[in-house]
Amino acid sequence: MYLQPRTAVVTGAASGIGFALSARLARSGAEVVMTDIAGDGLARRAGELASLGAKVTAVAADLTDPAAVGELADTAFERLGEIDVICNNAGVVGPVGMPLWAVPLEEMRQVLDVNYWAHLYVARAFVPRLLSCGRPAHFVQTASMSAFVVGAGTAAYAASKHADLAAARSLRADLDGSPVRVSVLCPGRVDTPMTRGLMAPRSATGATTITADEVAEAVWGALGSDQFYIFTNADAPARIGDQFDDVWRHLKSERPWLEPSA
């Protein structure tokens, strides 16, 4: 861990990875603004941390509304002053188990609204103000292994996470040379309320399951470093390797001149 955060903002903080991130940051002594659309659940979880002595503020917000995100940024900077860490974590799974042509378009749009557009709104509202502070900060974007590995019946979620990864990579390039670091969190299957009972194929979720606390610890260890990709599950190397082997196989079949000369 290269950065000792004093302040942080976590979205999607009422449960799962977002709550684990909030708890880990608060345990380190950071003051945390926790936000989620689920106001009652958010208040309850924030209260749990506060009862343990954590300095937390709960702000209910619909992050698919850019105006609400702007208000969240105002509240966070007013409350915290300078912000060290942003965990852009809010997300939904959406419809699973249906082929692309069967997924209701409105449900696909809802997944993209939360997993992609809301992440863009948060970046646009917070990053310019991080830059204006001129001090080290870390922006962590939660994507997924589904940004790399796609199984049947996961069209909406996988598409949103591919877009999310592209946005994070672009943001990293945009911030090159600045004091603001960017990482993209790519967990495999995590035991959270969002995934319990999820009947997705193993080709989409992988063979391992870890806890949200383990994910939060992986993020904690990357803060302040130049680590862009944060992979969390033990099967990540094999799953990523299979994807690039497949790309390389097709590339070589189309471009035989890539084969090493005798």
# chains A, B, ... in the order shown; residues from 1 in each chain; ligands from 1

call {"tool": "residues_around", "arguments": {"residues": "A:Glu107", "least_positions_apart": "6", "cutoff": "9 Å", "atoms": "only C-alpha atoms", "output": "list of chain:residue names"}}
result
A:Gly94, A:Pro95, A:Ala156

call {"tool": "residues_around", "arguments": {"residues": "A:Ser132", "least_positions_apart": "5", "cutoff": "12 Å", "atoms": "only C-alpha atoms", "output": "PDB file with all heavy atoms, in the first residue's frame"}}
result
ATOM      1  N   GLU A  82     -10.175  17.800   0.552  1.00  0.00           N
ATOM      2  CA  GLU A  82      -9.460  17.068  -0.489  1.00  0.00           C
ATOM      3  C   GLU A  82      -9.760  15.578  -0.363  1.00  0.00           C
ATOM      4  O   GLU A  82      -9.853  15.041   0.744  1.00  0.00           O
ATOM      5  CB  GLU A  82      -7.961  17.331  -0.376  1.00  0.00           C
ATOM      6  CG  GLU A  82      -7.604  18.783  -0.623  1.00  0.00           C
ATOM      7  CD  GLU A  82      -6.144  19.086  -0.353  1.00  0.00           C
ATOM      8  OE1 GLU A  82      -5.537  18.376   0.473  1.00  0.00           O
ATOM      9  OE2 GLU A  82      -5.613  20.038  -0.949  1.00  0.00           O
ATOM     10  N   ILE A  83      -9.894  14.901  -1.516  1.00  0.00           N
ATOM     11  CA  ILE A  83     -10.257  13.480  -1.530  1.00  0.00           C
ATOM     12  C   ILE A  83      -9.077  12.667  -2.046  1.00  0.00           C
ATOM     13  O   ILE A  83      -8.495  12.979  -3.086  1.00  0.00           O
ATOM     14  CB  ILE A  83     -11.514  13.247  -2.391  1.00  0.00           C
ATOM     15  CG1 ILE A  83     -12.708  13.979  -1.767  1.00  0.00           C
ATOM     16  CG2 ILE A  83     -11.814  11.753  -2.521  1.00  0.00           C
ATOM     17  CD1 ILE A  83     -13.978  13.909  -2.600  1.00  0.00           C
ATOM     18  N   PHE A 126     -15.795  14.105 -10.608  1.00  0.00           N
ATOM     19  CA  PHE A 126     -14.764  14.103  -9.571  1.00  0.00           C
ATOM     20  C   PHE A 126     -13.352  14.366 -10.094  1.00  0.00           C
ATOM     21  O   PHE A 126     -12.571  15.054  -9.435  1.00  0.00           O
ATOM     22  CB  PHE A 126     -14.775  12.770  -8.820  1.00  0.00           C
ATOM     23  CG  PHE A 126     -15.852  12.675  -7.769  1.00  0.00           C
ATOM     24  CD1 PHE A 126     -17.119  12.225  -8.096  1.00  0.00           C
ATOM     25  CD2 PHE A 126     -15.589  13.041  -6.463  1.00  0.00           C
ATOM     26  CE1 PHE A 126     -18.114  12.136  -7.129  1.00  0.00           C
ATOM     27  CE2 PHE A 126     -16.575  12.958  -5.488  1.00  0.00           C
ATOM     28  CZ  PHE A 126     -17.844  12.508  -5.820  1.00  0.00           C
ATOM     29  N   VAL A 127     -12.998  13.805 -11.237  1.00  0.00           N
ATOM     30  CA  VAL A 127     -11.593  13.861 -11.658  1.00  0.00           C
ATOM     31  C   VAL A 127     -11.093  15.289 -11.877  1.00  0.00           C
ATOM     32  O   VAL A 127      -9.982  15.621 -11.429  1.00  0.00           O
ATOM     33  CB  VAL A 127     -11.365  12.986 -12.908  1.00  0.00           C
ATOM     34  CG1 VAL A 127      -9.971  13.229 -13.495  1.00  0.00           C
ATOM     35  CG2 VAL A 127     -11.512  11.506 -12.535  1.00  0.00           C
ATOM     36  N   ALA A 137      -3.851  11.252  -5.674  1.00  0.00           N
ATOM     37  CA  ALA A 137      -5.157  10.654  -5.423  1.00  0.00           C
ATOM     38  C   ALA A 137      -5.232   9.391  -6.270  1.00  0.00           C
ATOM     39  O   ALA A 137      -4.418   9.185  -7.180  1.00  0.00           O
ATOM     40  CB  ALA A 137      -6.288  11.619  -5.772  1.00  0.00           C
ATOM     41  N   SER A 178      -0.002  13.020 -14.408  1.00  0.00           N
ATOM     42  CA  SER A 178      -0.653  13.765 -13.334  1.00  0.00           C
ATOM     43  C   SER A 178      -0.465  13.021 -12.013  1.00  0.00           C
ATOM     44  O   SER A 178      -0.044  11.861 -11.993  1.00  0.00           O
ATOM     45  CB  SER A 178      -2.148  13.921 -13.627  1.00  0.00           C
ATOM     46  OG  SER A 178      -2.861  12.752 -13.244  1.00  0.00           O
ATOM     47  N   PRO A 179      -0.803  13.635 -10.894  1.00  0.00           N
ATOM     48  CA  PRO A 179      -0.689  12.933  -9.611  1.00  0.00           C
ATOM     49  C   PRO A 179      -1.853  11.992  -9.314  1.00  0.00           C
ATOM     50  O   PRO A 179      -1.878  11.374  -8.251  1.00  0.00           O
ATOM     51  CB  PRO A 179      -0.639  14.073  -8.587  1.00  0.00           C
ATOM     52  CG  PRO A 179      -1.356  15.199  -9.236  1.00  0.00           C
ATOM     53  CD  PRO A 179      -1.099  15.073 -10.706  1.00  0.00           C
ATOM     54  N   VAL A 180      -2.800  11.894 -10.239  1.00  0.00           N
ATOM     55  CA  VAL A 180      -3.974  11.030 -10.027  1.00  0.00           C
ATOM     56  C   VAL A 180      -3.737   9.684 -10.692  1.00  0.00           C
ATOM     57  O   VAL A 180      -3.562   9.601 -11.911  1.00  0.00           O
ATOM     58  CB  VAL A 180      -5.256  11.685 -10.578  1.00  0.00           C
ATOM     59  CG1 VAL A 180      -6.457  10.752 -10.346  1.00  0.00           C
ATOM     60  CG2 VAL A 180      -5.499  13.030  -9.922  1.00  0.00           C
TER      61      VAL A 180
END

call {"tool": "residues_around", "arguments": {"residues": "A:Val140", "least_positions_apart": "6", "cutoff": "6 Å", "atoms": "only C-alpha atoms", "output": "number ranges by chain"}}
result
A: 87-88, 182-184

call {"tool": "select_by_dssp", "arguments": {"residues": "stretch 78-219 of chain A", "states": "strand (DSSP E or B)", "output": "number ranges by chain"}}
result
A: 85-88, 98, 137-142, 154, 180-186, 189-191, 209-211

call {"tool": "closest_residue", "arguments": {"among": "A:Ala155, A:Ala26, A:Leu251, A:Met98", "to": "A:Val85", "atoms": "only C-alpha atoms"}}
result
A:Ala26

call {"tool": "select_by_dssp", "arguments": {"residues": "stretch 50-238 of chain A", "states": "helix (DSSP H, G or I)", "output": "PyMOL selection string"}}
result
chain A and resi 50-51+66-80+100-102+105-133+145-147+155-174+202-205+212-222+236-238

call {"tool": "atom_distance", "arguments": {"atom1": "atom CA of A:Arg24", "atom2": "atom CA of A:Ile240"}}
result
27.7 Å
